[in-house]
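In what follows, a structure is listed as structure tokens, so that the remarks can point back to it.
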Amino acid sequence: MESPPVKNAAIDYAEITRIIRTARAEQRSFLLAHEGQILLKAVGLPGPRSSVARCIDEAVARAEEIGYPVVMKVVSRDILHKSDVGGVLLNLENKHEVADAYQAIIHNCKAHKRDAVIEGIEVVEQVKPGTEIIVGAKRDRSFGPVIMFGLGGIYVEVMKDVSFRALPLREIDTSLMVKEIRSYPLLLGVRGERRKDIEGIKDCINKVGSILLNCEDISDIEINPMIVYDQDQGVKAVDVRVLLSEPERKQA
Amino acid sequence: MNSLEIKYLFEPRGIAVVGASDKPGKIGGMILYNILHSGYRGRIYPVNPAGGEIGGLPVHRNLADIDGVIDVAIIAIPAKFVFPVVRQCADKGVKFLSVISSGFSEVGNLAEEQELTRYAKKHGMRVLGPNIFGHYSSSASLNATFGPRDIKPGNVAIITQSGALGVAMIGKTAIQNIGLSAIISVGNKADVDEADLLEYLIEHDETRSILMYIEGVQHGERLVEVLKRATRVKPVVVIKSGRSKRGAIAAASHTGSLAGSDEIFDAIMQQCGVLRSESIQEALDWCKFLSTTPLPTGRNTVIITNGGGVGVLATDACEKYQVKLYEDKAHLKSVFEDVTHGFGSTKNPIDLTGEATTQEYITALTSALEDEQIHAVISLYCELRNCPHDLRRTDRYDPTGLFGLSTGGQTDYFFTVRR
């Protein structure tokens, strides 16, 4: 019996169109980090919670809402490599650490560049460790939209343990592309570990596929890493990279 | 293009051979003689400005002089003379141009190839090629290639992007006694591509398996759609050319860098249900096997052998490729105990031992093929005495799969000619 096609995910395309329009207006061929987060939200893929604070009290309040530990990052157009100048601090466990971190980041950044304009400090949920995966899709010159899945980190870097499919997917394709990677047993749980949230992975694959099929403006999209937790505990998209199609290509 | 239309390429009512010549070594002449030799029953019109007569047929000075339907015009003249002939073909209402000539996009002359294709399309003609060795169709007894003259009709269809490799495959199939239902050289694929040809082959009853040699894919989304339909009806084997990552586009993401053209090609072929083979020989073996052997009705497989060693090798291979060996010891014993000798075994693999006679082999195979619990049989035979020619009698026990493997000169020869 023929496997049914994957249903189109409920995606807020109007929102995606809006951020793409902004990027196009600024003559960018990619989305910025916070635009990527907006896209994830529009797709219904959970990312780390975050909020920008403009004073110490606000930073503490945001951290209390998000829950510890948190990460704090400077928001400034004048500072490109945030980590290098001490503009990013990790593992902040309580409100005292958050308050200290706020001051330390401002101090570090000013020391690096005296006249840097600092718009605020972003307080971000520090994602709990889990199994890292990567889900990407792009437009292949021969086959059109294709999608890739693999385990992240060393598995994708060294082992190149990934699977591909042409879009659109049937339900069975999504299942098979998860199962056919060599490290699939790791997702089932080995050495006493619990089974990972495979349904969450499939949902992510289907959604990324839907985006590429429905948004002609997007040429490449890659969620890397995506953290997968135990079964029913969900997934969390840590970073997303989105490239836009060449405008003339779209007209062709 | 629908399959009705593409049918004219495979089953033309009339053929013009432009560039037909009696001069030795002329491609047009080789093609004409191949057509004459192959027993094509449609009308054949040699065309050459020199006129005269070739192979008992009058040579027309141009296409306009021909009084009759031409479905396929084979054009085997230097590239620079092709376009004027294409114009004549348009006036004549030709449906397919088989452009044998080289000297187009493969040497950088893309503009002329595109102009030719555009013109042909505008005038309702399709273009096979250019830069091809032609095509063969068993349904029309038509060998319109400049390759080997004798092509054995059969059930394997070949579509090849490489001309030389295609000609080599014709030779290989002849030696290995593999019959062909069609072979088509697609060359530069200016117009007609694999998907168009598959439309015909899907519905072509004589074609039971399809072999494709592909180097590059242009309209991948359509190919995927057609391949998915094709593999539901008959097996398709693809030889992937050994393209390196050279063609992969350097990209800003893992998806880009990992998605070398080859990895994507592999994955998509698998998604379409296409079998990927690593070599010509493997592809031909699969096609031969798939076109002569029915699909087993279940997974229970039994190995019958007269030697322990080959039995173990086959068992290892079954495990590796997840072929399920039937294990019901009591049932196996009831089926095979009459034919196994004292040192033999009724456990799978069934070892008939070196003592086994032809009659015992036949009994064992017959019992296995007739048994409802057994869905496929792997028959192994190490040549110890004379070749058991009578084994061919087991052919009638379809649809249980019988996969034969044998070692020894006589036996190899026997199995080769039998198929």
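All residue names refer to the structure tokens as shown: chains lettered A, B, ... in order, residues numbered from 1 in each chain, ligands numbered from 1 in order.
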
If you run DSSP on the backbone, which residues of segment 41-210 of chain A are alpha helix (DSSP H), as a compact mmCIF listing (two decimals) with all heavy atoms, in the first residue's frame?
# COMPACT_ATOMS: atom_id res chain seq x y z
N LYS A 41 9.78 29.95 15.49
CA LYS A 41 8.52 30.13 16.21
C LYS A 41 7.34 30.01 15.24
O LYS A 41 6.34 29.35 15.53
CB LYS A 41 8.51 31.52 16.87
CG LYS A 41 7.51 31.66 18.00
CD LYS A 41 7.75 32.95 18.75
CE LYS A 41 8.01 32.72 20.23
NZ LYS A 41 8.38 33.94 20.94
N ALA A 42 7.49 30.62 14.05
CA ALA A 42 6.43 30.59 13.05
C ALA A 42 6.15 29.16 12.58
O ALA A 42 5.05 28.81 12.17
CB ALA A 42 6.81 31.47 11.86
N VAL A 43 7.20 28.34 12.64
CA VAL A 43 7.08 26.94 12.19
C VAL A 43 6.55 26.06 13.31
O VAL A 43 6.05 24.96 13.07
CB VAL A 43 8.47 26.44 11.74
CG1 VAL A 43 8.44 24.99 11.35
CG2 VAL A 43 9.00 27.27 10.61
N ILE A 56 20.02 45.94 34.95
CA ILE A 56 20.27 44.76 35.80
C ILE A 56 18.96 44.16 36.31
O ILE A 56 18.75 42.94 36.22
CB ILE A 56 21.18 45.13 36.99
CG1 ILE A 56 22.57 45.48 36.47
CG2 ILE A 56 21.26 43.98 38.00
CD1 ILE A 56 23.58 45.85 37.54
N ASP A 57 18.08 45.02 36.79
CA ASP A 57 16.83 44.51 37.36
C ASP A 57 16.02 43.74 36.32
O ASP A 57 15.44 42.70 36.60
CB ASP A 57 15.99 45.67 37.91
CG ASP A 57 16.64 46.27 39.16
OD1 ASP A 57 17.54 45.60 39.71
OD2 ASP A 57 16.24 47.39 39.56
N GLU A 58 16.02 44.29 35.11
CA GLU A 58 15.27 43.64 34.03
C GLU A 58 15.90 42.27 33.71
O GLU A 58 15.20 41.29 33.51
CB GLU A 58 15.29 44.53 32.78
CG GLU A 58 14.09 44.30 31.87
CD GLU A 58 14.16 45.17 30.61
OE1 GLU A 58 14.90 46.19 30.62
OE2 GLU A 58 13.49 44.85 29.64
N ALA A 59 17.24 42.23 33.69
CA ALA A 59 17.93 40.98 33.40
C ALA A 59 17.58 39.92 34.44
O ALA A 59 17.30 38.76 34.09
CB ALA A 59 19.44 41.21 33.37
N VAL A 60 17.57 40.30 35.70
CA VAL A 60 17.24 39.36 36.77
C VAL A 60 15.80 38.87 36.60
O VAL A 60 15.51 37.66 36.69
CB VAL A 60 17.46 40.00 38.16
CG1 VAL A 60 16.88 39.11 39.25
CG2 VAL A 60 18.94 40.26 38.40
N ALA A 61 14.89 39.82 36.32
CA ALA A 61 13.48 39.45 36.15
C ALA A 61 13.31 38.44 35.02
O ALA A 61 12.59 37.45 35.14
CB ALA A 61 12.65 40.70 35.90
N ARG A 62 14.02 38.68 33.90
CA ARG A 62 13.91 37.77 32.75
C ARG A 62 14.46 36.39 33.09
O ARG A 62 13.88 35.38 32.74
CB ARG A 62 14.68 38.34 31.55
CG ARG A 62 14.13 39.64 31.01
CD ARG A 62 12.80 39.44 30.29
NE ARG A 62 12.16 40.73 30.09
CZ ARG A 62 11.25 41.26 30.89
NH1 ARG A 62 10.84 40.59 31.96
NH2 ARG A 62 10.72 42.43 30.64
N ALA A 63 15.60 36.40 33.79
CA ALA A 63 16.23 35.13 34.16
C ALA A 63 15.31 34.32 35.07
O ALA A 63 15.18 33.11 34.93
CB ALA A 63 17.58 35.38 34.83
N GLU A 64 14.64 35.02 35.99
CA GLU A 64 13.71 34.33 36.91
C GLU A 64 12.57 33.71 36.10
O GLU A 64 12.13 32.60 36.40
CB GLU A 64 13.14 35.33 37.93
CG GLU A 64 14.19 35.94 38.86
CD GLU A 64 14.55 35.01 40.02
OE1 GLU A 64 13.65 34.33 40.54
OE2 GLU A 64 15.74 34.97 40.40
N GLU A 65 12.09 34.42 35.10
CA GLU A 65 11.00 33.88 34.26
C GLU A 65 11.45 32.65 33.47
O GLU A 65 10.74 31.66 33.39
CB GLU A 65 10.55 34.94 33.23
CG GLU A 65 9.64 36.03 33.77
CD GLU A 65 9.56 37.19 32.80
OE1 GLU A 65 9.81 36.99 31.58
OE2 GLU A 65 9.29 38.30 33.26
N ILE A 66 12.65 32.77 32.88
CA ILE A 66 13.14 31.70 32.00
C ILE A 66 13.52 30.47 32.81
O ILE A 66 13.25 29.34 32.40
CB ILE A 66 14.35 32.21 31.17
CG1 ILE A 66 13.85 33.21 30.11
CG2 ILE A 66 15.09 31.06 30.51
CD1 ILE A 66 14.95 34.02 29.45
N LYS A 95 20.22 34.72 40.71
CA LYS A 95 20.07 36.13 40.37
C LYS A 95 21.32 36.95 40.68
O LYS A 95 21.61 37.92 39.98
CB LYS A 95 18.85 36.74 41.07
CG LYS A 95 18.87 36.70 42.58
CD LYS A 95 17.56 37.28 43.07
CE LYS A 95 17.49 37.15 44.59
NZ LYS A 95 16.17 37.60 45.09
N HIS A 96 22.11 36.51 41.65
CA HIS A 96 23.36 37.24 41.95
C HIS A 96 24.33 37.11 40.78
O HIS A 96 24.95 38.09 40.36
CB HIS A 96 24.00 36.71 43.24
CG HIS A 96 23.08 36.80 44.41
ND1 HIS A 96 22.63 38.01 44.90
CD2 HIS A 96 22.48 35.83 45.16
CE1 HIS A 96 21.80 37.78 45.90
NE2 HIS A 96 21.69 36.47 46.07
N GLU A 97 24.43 35.89 40.27
CA GLU A 97 25.34 35.67 39.14
C GLU A 97 24.88 36.45 37.92
O GLU A 97 25.68 36.96 37.15
CB GLU A 97 25.43 34.17 38.82
CG GLU A 97 26.21 33.40 39.89
CD GLU A 97 26.46 31.93 39.54
OE1 GLU A 97 26.24 31.55 38.36
OE2 GLU A 97 26.86 31.19 40.44
N VAL A 98 23.56 36.55 37.74
CA VAL A 98 23.02 37.29 36.60
C VAL A 98 23.36 38.77 36.73
O VAL A 98 23.81 39.41 35.77
CB VAL A 98 21.49 37.08 36.48
CG1 VAL A 98 20.87 38.07 35.49
CG2 VAL A 98 21.19 35.64 36.04
N ALA A 99 23.19 39.31 37.93
CA ALA A 99 23.49 40.73 38.16
C ALA A 99 24.97 41.00 37.92
O ALA A 99 25.33 41.96 37.22
CB ALA A 99 23.09 41.11 39.58
N ASP A 100 25.84 40.11 38.44
CA ASP A 100 27.28 40.29 38.23
C ASP A 100 27.64 40.19 36.75
O ASP A 100 28.45 40.96 36.23
CB ASP A 100 28.07 39.21 39.01
CG ASP A 100 27.99 39.44 40.52
OD1 ASP A 100 27.55 40.54 40.91
OD2 ASP A 100 28.37 38.52 41.27
N ALA A 101 27.02 39.22 36.09
CA ALA A 101 27.30 38.98 34.68
C ALA A 101 26.91 40.20 33.84
O ALA A 101 27.64 40.58 32.92
CB ALA A 101 26.54 37.75 34.19
N TYR A 102 25.81 40.83 34.21
CA TYR A 102 25.35 42.00 33.46
C TYR A 102 26.45 43.07 33.46
O TYR A 102 26.86 43.57 32.41
CB TYR A 102 24.07 42.55 34.08
CG TYR A 102 23.40 43.60 33.21
CD1 TYR A 102 22.38 43.23 32.33
CD2 TYR A 102 23.80 44.94 33.25
CE1 TYR A 102 21.78 44.18 31.52
CE2 TYR A 102 23.21 45.88 32.43
CZ TYR A 102 22.19 45.50 31.57
OH TYR A 102 21.59 46.42 30.75
N GLN A 103 26.94 43.33 34.67
CA GLN A 103 27.99 44.37 34.80
C GLN A 103 29.29 43.95 34.11
O GLN A 103 29.94 44.76 33.44
CB GLN A 103 28.25 44.66 36.27
CG GLN A 103 27.11 45.45 36.88
CD GLN A 103 27.31 45.68 38.35
OE1 GLN A 103 27.53 44.73 39.11
NE2 GLN A 103 27.23 46.93 38.77
N ALA A 104 29.62 42.68 34.27
CA ALA A 104 30.88 42.19 33.69
C ALA A 104 30.85 42.32 32.16
O ALA A 104 31.83 42.74 31.54
CB ALA A 104 31.10 40.74 34.10
N ILE A 105 29.71 41.97 31.55
CA ILE A 105 29.61 42.02 30.09
C ILE A 105 29.75 43.46 29.60
O ILE A 105 30.49 43.75 28.65
CB ILE A 105 28.29 41.39 29.60
CG1 ILE A 105 28.35 39.86 29.79
CG2 ILE A 105 28.03 41.72 28.13
CD1 ILE A 105 27.04 39.14 29.51
N ILE A 106 29.05 44.38 30.27
CA ILE A 106 29.14 45.80 29.89
C ILE A 106 30.60 46.25 30.00
O ILE A 106 31.15 46.87 29.09
CB ILE A 106 28.26 46.68 30.83
CG1 ILE A 106 26.79 46.25 30.76
CG2 ILE A 106 28.46 48.17 30.49
CD1 ILE A 106 25.96 46.84 29.67
N HIS A 107 31.23 45.87 31.12
CA HIS A 107 32.61 46.27 31.35
C HIS A 107 33.53 45.73 30.26
O HIS A 107 34.33 46.45 29.66
CB HIS A 107 33.05 45.77 32.74
CG HIS A 107 34.50 46.05 33.01
ND1 HIS A 107 34.94 47.28 33.46
CD2 HIS A 107 35.60 45.27 32.87
CE1 HIS A 107 36.26 47.23 33.59
NE2 HIS A 107 36.68 46.02 33.25
N ASN A 108 33.41 44.42 29.99
CA ASN A 108 34.26 43.77 28.98
C ASN A 108 34.12 44.45 27.63
O ASN A 108 35.10 44.67 26.91
CB ASN A 108 33.88 42.29 28.83
CG ASN A 108 34.23 41.49 30.08
OD1 ASN A 108 35.01 41.96 30.92
ND2 ASN A 108 33.63 40.31 30.21
N CYS A 109 32.87 44.75 27.26
CA CYS A 109 32.62 45.29 25.93
C CYS A 109 33.14 46.73 25.82
O CYS A 109 33.70 47.10 24.79
CB CYS A 109 31.14 45.23 25.59
SG CYS A 109 30.56 43.53 25.42
N LYS A 110 32.97 47.47 26.86
CA LYS A 110 33.46 48.85 26.84
C LYS A 110 35.00 48.87 26.80
O LYS A 110 35.61 49.73 26.17
CB LYS A 110 32.97 49.64 28.07
CG LYS A 110 31.47 49.94 28.04
CD LYS A 110 31.14 51.05 27.04
CE LYS A 110 29.65 51.39 27.09
NZ LYS A 110 29.23 52.28 26.00
N ALA A 111 35.59 47.89 27.52
CA ALA A 111 37.04 47.80 27.53
C ALA A 111 37.55 47.46 26.13
O ALA A 111 38.61 47.94 25.70
CB ALA A 111 37.48 46.73 28.53
N HIS A 112 36.77 46.67 25.43
CA HIS A 112 37.15 46.28 24.07
C HIS A 112 36.98 47.45 23.10
O HIS A 112 37.83 47.71 22.25
CB HIS A 112 36.30 45.09 23.63
CG HIS A 112 36.39 44.80 22.17
ND1 HIS A 112 37.53 44.28 21.59
CD2 HIS A 112 35.52 44.99 21.16
CE1 HIS A 112 37.33 44.14 20.30
NE2 HIS A 112 36.13 44.57 20.01
N ILE A 154 30.17 15.07 16.22
CA ILE A 154 31.16 14.25 15.51
C ILE A 154 30.51 13.34 14.47
O ILE A 154 31.13 12.98 13.49
CB ILE A 154 31.99 13.36 16.47
CG1 ILE A 154 31.07 12.47 17.31
CG2 ILE A 154 32.88 14.20 17.37
CD1 ILE A 154 31.80 11.28 17.92
N TYR A 155 29.24 13.00 14.70
CA TYR A 155 28.61 12.06 13.76
C TYR A 155 28.48 12.68 12.38
O TYR A 155 28.65 12.02 11.37
CB TYR A 155 27.25 11.62 14.30
CG TYR A 155 27.38 10.88 15.59
CD1 TYR A 155 27.18 11.52 16.81
CD2 TYR A 155 27.78 9.56 15.60
CE1 TYR A 155 27.35 10.86 18.00
CE2 TYR A 155 27.96 8.88 16.78
CZ TYR A 155 27.74 9.53 18.00
OH TYR A 155 27.92 8.87 19.15
N VAL A 156 28.15 13.97 12.36
CA VAL A 156 28.02 14.62 11.06
C VAL A 156 29.38 15.08 10.57
O VAL A 156 29.71 14.96 9.39
CB VAL A 156 26.99 15.77 11.12
CG1 VAL A 156 27.42 16.87 12.05
CG2 VAL A 156 26.74 16.34 9.74
N GLU A 157 30.24 15.53 11.47
CA GLU A 157 31.55 16.06 11.07
C GLU A 157 32.47 14.96 10.56
O GLU A 157 33.10 15.11 9.53
CB GLU A 157 32.24 16.73 12.28
CG GLU A 157 31.53 17.93 12.84
CD GLU A 157 31.85 19.20 12.09
OE1 GLU A 157 32.72 19.15 11.21
OE2 GLU A 157 31.24 20.24 12.42
N GLU A 171 5.04 9.73 4.34
CA GLU A 171 5.29 9.45 5.77
C GLU A 171 6.39 8.43 5.95
O GLU A 171 7.23 8.54 6.83
CB GLU A 171 3.99 8.99 6.44
CG GLU A 171 3.06 10.16 6.71
CD GLU A 171 1.75 9.73 7.34
OE1 GLU A 171 1.63 8.56 7.73
OE2 GLU A 171 0.84 10.59 7.42
N ILE A 172 6.39 7.43 5.05
CA ILE A 172 7.39 6.35 5.20
C ILE A 172 8.80 6.88 4.94
O ILE A 172 9.77 6.41 5.53
CB ILE A 172 7.06 5.16 4.28
CG1 ILE A 172 7.98 3.99 4.60
CG2 ILE A 172 7.17 5.53 2.81
CD1 ILE A 172 7.46 2.67 4.17
N ASP A 173 8.92 7.90 4.08
CA ASP A 173 10.24 8.45 3.79
C ASP A 173 10.85 9.06 5.05
O ASP A 173 12.03 8.88 5.33
CB ASP A 173 10.16 9.53 2.70
CG ASP A 173 9.72 8.97 1.37
OD1 ASP A 173 10.17 7.87 1.03
OD2 ASP A 173 8.93 9.63 0.67
N THR A 174 10.01 9.80 5.80
CA THR A 174 10.50 10.43 7.02
C THR A 174 10.99 9.36 7.99
O THR A 174 12.08 9.46 8.55
CB THR A 174 9.38 11.26 7.67
OG1 THR A 174 8.73 12.03 6.67
CG2 THR A 174 9.93 12.18 8.74
N SER A 175 10.18 8.31 8.16
CA SER A 175 10.58 7.23 9.07
C SER A 175 11.88 6.59 8.62
O SER A 175 12.79 6.37 9.42
CB SER A 175 9.51 6.14 9.11
OG SER A 175 8.34 6.67 9.64
N LEU A 176 11.96 6.31 7.32
CA LEU A 176 13.15 5.61 6.81
C LEU A 176 14.39 6.46 6.93
O LEU A 176 15.47 5.95 7.24
CB LEU A 176 12.93 5.19 5.35
CG LEU A 176 11.96 4.02 5.16
CD1 LEU A 176 11.71 3.79 3.67
CD2 LEU A 176 12.49 2.75 5.80
N MET A 177 14.26 7.77 6.70
CA MET A 177 15.49 8.56 6.76
C MET A 177 16.01 8.69 8.18
O MET A 177 17.20 8.88 8.39
CB MET A 177 15.37 9.89 6.00
CG MET A 177 14.55 10.97 6.57
SD MET A 177 14.45 12.38 5.39
CE MET A 177 16.12 13.01 5.43
N VAL A 178 15.13 8.54 9.16
CA VAL A 178 15.60 8.51 10.54
C VAL A 178 16.26 7.15 10.84
O VAL A 178 17.34 7.09 11.42
CB VAL A 178 14.44 8.75 11.53
CG1 VAL A 178 14.91 8.58 12.96
CG2 VAL A 178 13.86 10.15 11.32
N LYS A 179 15.63 6.10 10.34
CA LYS A 179 16.12 4.75 10.65
C LYS A 179 17.40 4.38 9.93
O LYS A 179 18.16 3.53 10.40
CB LYS A 179 15.05 3.71 10.28
CG LYS A 179 13.97 3.59 11.33
CD LYS A 179 13.00 2.51 10.94
CE LYS A 179 11.76 2.58 11.80
NZ LYS A 179 10.65 1.84 11.21
N TYR A 184 21.44 5.19 14.28
CA TYR A 184 20.03 5.10 14.73
C TYR A 184 19.87 4.43 16.09
O TYR A 184 19.06 4.88 16.92
CB TYR A 184 19.20 4.40 13.65
CG TYR A 184 17.76 4.17 14.03
CD1 TYR A 184 16.90 5.25 14.27
CD2 TYR A 184 17.24 2.88 14.16
CE1 TYR A 184 15.58 5.05 14.61
CE2 TYR A 184 15.92 2.67 14.50
CZ TYR A 184 15.10 3.75 14.73
OH TYR A 184 13.79 3.56 15.08
N PRO A 185 20.64 3.34 16.37
CA PRO A 185 20.48 2.71 17.70
C PRO A 185 20.66 3.70 18.86
O PRO A 185 20.06 3.52 19.92
CB PRO A 185 21.57 1.64 17.72
CG PRO A 185 21.77 1.30 16.28
CD PRO A 185 21.57 2.58 15.52
N LEU A 186 21.47 4.73 18.67
CA LEU A 186 21.65 5.73 19.73
C LEU A 186 20.34 6.45 20.03
O LEU A 186 20.09 6.87 21.16
CB LEU A 186 22.70 6.76 19.33
CG LEU A 186 24.12 6.24 19.09
CD1 LEU A 186 25.06 7.38 18.72
CD2 LEU A 186 24.63 5.53 20.35
N LEU A 187 19.49 6.61 19.01
CA LEU A 187 18.20 7.27 19.22
C LEU A 187 17.23 6.34 19.93
O LEU A 187 16.31 6.78 20.61
CB LEU A 187 17.61 7.73 17.89
CG LEU A 187 18.43 8.78 17.13
CD1 LEU A 187 17.80 9.06 15.77
CD2 LEU A 187 18.53 10.06 17.94
N LEU A 188 17.44 5.04 19.74
CA LEU A 188 16.56 4.07 20.42
C LEU A 188 16.95 3.94 21.89
O LEU A 188 16.19 3.43 22.69
CB LEU A 188 16.67 2.71 19.74
CG LEU A 188 16.13 2.63 18.32
CD1 LEU A 188 16.38 1.25 17.73
CD2 LEU A 188 14.64 2.95 18.30
N ILE A 198 11.78 10.43 19.06
CA ILE A 198 11.88 10.23 17.62
C ILE A 198 10.71 10.92 16.89
O ILE A 198 10.88 11.44 15.79
CB ILE A 198 11.97 8.72 17.29
CG1 ILE A 198 13.33 8.21 17.79
CG2 ILE A 198 11.81 8.46 15.80
CD1 ILE A 198 13.51 6.72 17.75
N GLU A 199 9.55 10.95 17.54
CA GLU A 199 8.41 11.66 16.93
C GLU A 199 8.74 13.14 16.74
O GLU A 199 8.39 13.76 15.73
CB GLU A 199 7.16 11.51 17.80
CG GLU A 199 6.51 10.14 17.70
CD GLU A 199 6.30 9.70 16.26
OE1 GLU A 199 5.70 10.48 15.48
OE2 GLU A 199 6.73 8.58 15.91
N GLY A 200 9.45 13.70 17.73
CA GLY A 200 9.86 15.11 17.64
C GLY A 200 10.82 15.33 16.47
O GLY A 200 10.77 16.36 15.80
N ILE A 201 11.70 14.35 16.25
CA ILE A 201 12.65 14.45 15.13
C ILE A 201 11.90 14.43 13.81
O ILE A 201 12.13 15.25 12.92
CB ILE A 201 13.66 13.27 15.17
CG1 ILE A 201 14.53 13.35 16.43
CG2 ILE A 201 14.52 13.28 13.91
CD1 ILE A 201 15.46 12.15 16.61
N LYS A 202 10.94 13.50 13.70
CA LYS A 202 10.19 13.39 12.44
C LYS A 202 9.40 14.67 12.18
O LYS A 202 9.33 15.14 11.04
CB LYS A 202 9.23 12.19 12.51
CG LYS A 202 9.93 10.86 12.45
CD LYS A 202 8.87 9.79 12.22
CE LYS A 202 9.26 8.48 12.83
NZ LYS A 202 8.13 7.57 12.92
N ASP A 203 8.83 15.21 13.24
CA ASP A 203 8.07 16.44 13.12
C ASP A 203 8.97 17.55 12.59
O ASP A 203 8.59 18.33 11.70
CB ASP A 203 7.50 16.80 14.49
CG ASP A 203 6.73 18.11 14.47
OD1 ASP A 203 5.76 18.18 13.68
OD2 ASP A 203 7.10 19.04 15.21
N CYS A 204 10.20 17.60 13.11
CA CYS A 204 11.15 18.62 12.68
C CYS A 204 11.50 18.44 11.20
O CYS A 204 11.52 19.39 10.42
CB CYS A 204 12.39 18.54 13.56
SG CYS A 204 13.66 19.71 13.09
N ILE A 205 11.76 17.20 10.80
CA ILE A 205 12.09 16.91 9.39
C ILE A 205 10.94 17.36 8.50
O ILE A 205 11.13 18.03 7.48
CB ILE A 205 12.39 15.40 9.20
CG1 ILE A 205 13.68 15.03 9.93
CG2 ILE A 205 12.47 15.05 7.72
CD1 ILE A 205 13.96 13.53 9.95
N ASN A 206 9.72 16.98 8.89
CA ASN A 206 8.57 17.33 8.06
C ASN A 206 8.38 18.84 7.96
O ASN A 206 8.02 19.36 6.90
CB ASN A 206 7.30 16.67 8.62
CG ASN A 206 7.34 15.16 8.46
OD1 ASN A 206 8.10 14.65 7.63
ND2 ASN A 206 6.53 14.45 9.23
N LYS A 207 8.63 19.53 9.06
CA LYS A 207 8.43 20.98 9.05
C LYS A 207 9.49 21.68 8.19
O LYS A 207 9.18 22.58 7.43
CB LYS A 207 8.45 21.52 10.48
CG LYS A 207 7.11 21.30 11.16
CD LYS A 207 7.12 21.71 12.61
CE LYS A 207 5.71 21.70 13.17
NZ LYS A 207 5.70 21.75 14.63
N VAL A 208 10.73 21.25 8.34
CA VAL A 208 11.79 21.85 7.53
C VAL A 208 11.49 21.60 6.04
O VAL A 208 11.66 22.49 5.20
CB VAL A 208 13.18 21.29 7.94
CG1 VAL A 208 14.25 21.69 6.94
CG2 VAL A 208 13.55 21.81 9.32
N GLY A 209 11.01 20.38 5.74
CA GLY A 209 10.63 20.08 4.36
C GLY A 209 9.52 20.99 3.87
O GLY A 209 9.57 21.52 2.76
N SER A 210 8.52 21.20 4.71
CA SER A 210 7.40 22.06 4.34
C SER A 210 7.88 23.49 4.05
O SER A 210 7.40 24.11 3.11
CB SER A 210 6.36 22.12 5.47
OG SER A 210 5.70 20.89 5.57

Please report as a tab-separated table every residue of chain A lying within 9 Å of chain B, along with the nearest atom pair and their distance in Å (one decimal), using only C-alpha atoms.
residue	atom	partner	partner_atom	distance
A:Ile134	CA	B:His254	CA	8.8
A:Val135	CA	B:Thr255	CA	8.1
A:Gly136	CA	B:Thr255	CA	5.5
A:Ala137	CA	B:Thr255	CA	6.6
A:Lys138	CA	B:Thr255	CA	7.0
A:Asp140	CA	B:Ser261	CA	8.2
A:Arg141	CA	B:Gln218	CA	8.0
A:Ser142	CA	B:Gly220	CA	5.0
A:Phe143	CA	B:Gly220	CA	4.0
A:Gly144	CA	B:Glu221	CA	6.3
A:Pro145	CA	B:Glu221	CA	8.7
A:Val146	CA	B:Ile264	CA	7.9
A:Ile147	CA	B:Thr255	CA	8.1
A:Met148	CA	B:Thr255	CA	6.5
A:Phe149	CA	B:Thr255	CA	8.7
A:Val156	CA	B:His254	CA	8.2
A:Glu157	CA	B:His254	CA	8.5
A:Lys160	CA	B:Leu258	CA	7.2
A:Val162	CA	B:Leu258	CA	8.2
A:Ser163	CA	B:Ala267	CA	7.1
A:Phe164	CA	B:Ala267	CA	5.5
A:Arg165	CA	B:Ile268	CA	5.7
A:Ala166	CA	B:Ile268	CA	6.0
A:Leu167	CA	B:Glu221	CA	9.0
A:Asp173	CA	B:Gln271	CA	7.4
A:Asp220	CA	B:Thr255	CA	8.1
A:Ile221	CA	B:Thr255	CA	8.3
A:Glu222	CA	B:Thr255	CA	7.0
A:Asn224	CA	B:His254	CA	8.9
A:Arg241	CA	B:Ser253	CA	7.9
A:Leu243	CA	B:Ala252	CA	8.8

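Looking only at segment 109-185 of chain A, the set that DSSP places in strand (DSSP E) from backbone geometry is Gly120, Ile121, Glu122, Val123, Val124, Glu125, Thr131, Glu132, Ile133, Ile134, Val135, Gly136, Ala137, Lys138, Arg139, Asp140, Gly144, Pro145, Val146, Ile147, Met148, Phe149, Gly150, Leu151, Val162, Ser163, Phe164, Arg165 and Ala166 of chain A.
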
Residues near segment 92-107 of chain B, cut-off 9 Å, only C-alpha atoms, skip fewer than 6 positions along chain, as a ChimeraX atom specification:
/B:5-6,8-9,27-28,63-64,66,69-80,82,86,113-114,120,123-135,145,187-188,190

For Arg49 of chain A, list every protein, DNA or RNA residue within 9 Å, evaluated using only C-alpha atoms, and leave out those in the same chain fewer than 3 positions away; present the list as a PyMOL selection string.
chain A and resi 46+66+123-126

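We find atom CA of Leu80 of chain A and atom CA of Asn94 of chain A to be spaced 27.6 Å apart.
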
Set the distance at 7 Å and use only C-alpha atoms: which residues neighbour Leu92 of chain A once local chain neighbours fewer than 6 positions away are removed? I'd like the list as a VMD selection string.
chain A and resid 68 to 71 98

For segment 312-315 of chain B, please output as a PyMOL selection string all residues within 9 Å (counting only C-alpha atoms; exclusion window: fewer than 5 positions along the same chain).
chain B and resi 303+307+320+323+325+348-349+378+380

Residue contacts of Ser138 of chain B (10 Å, only C-alpha atoms) excluding same-chain residues fewer than 3 positions away, as a ChimeraX atom specification:
/B:10-11,38,40,141-143,151-155,157,179-183,206-207
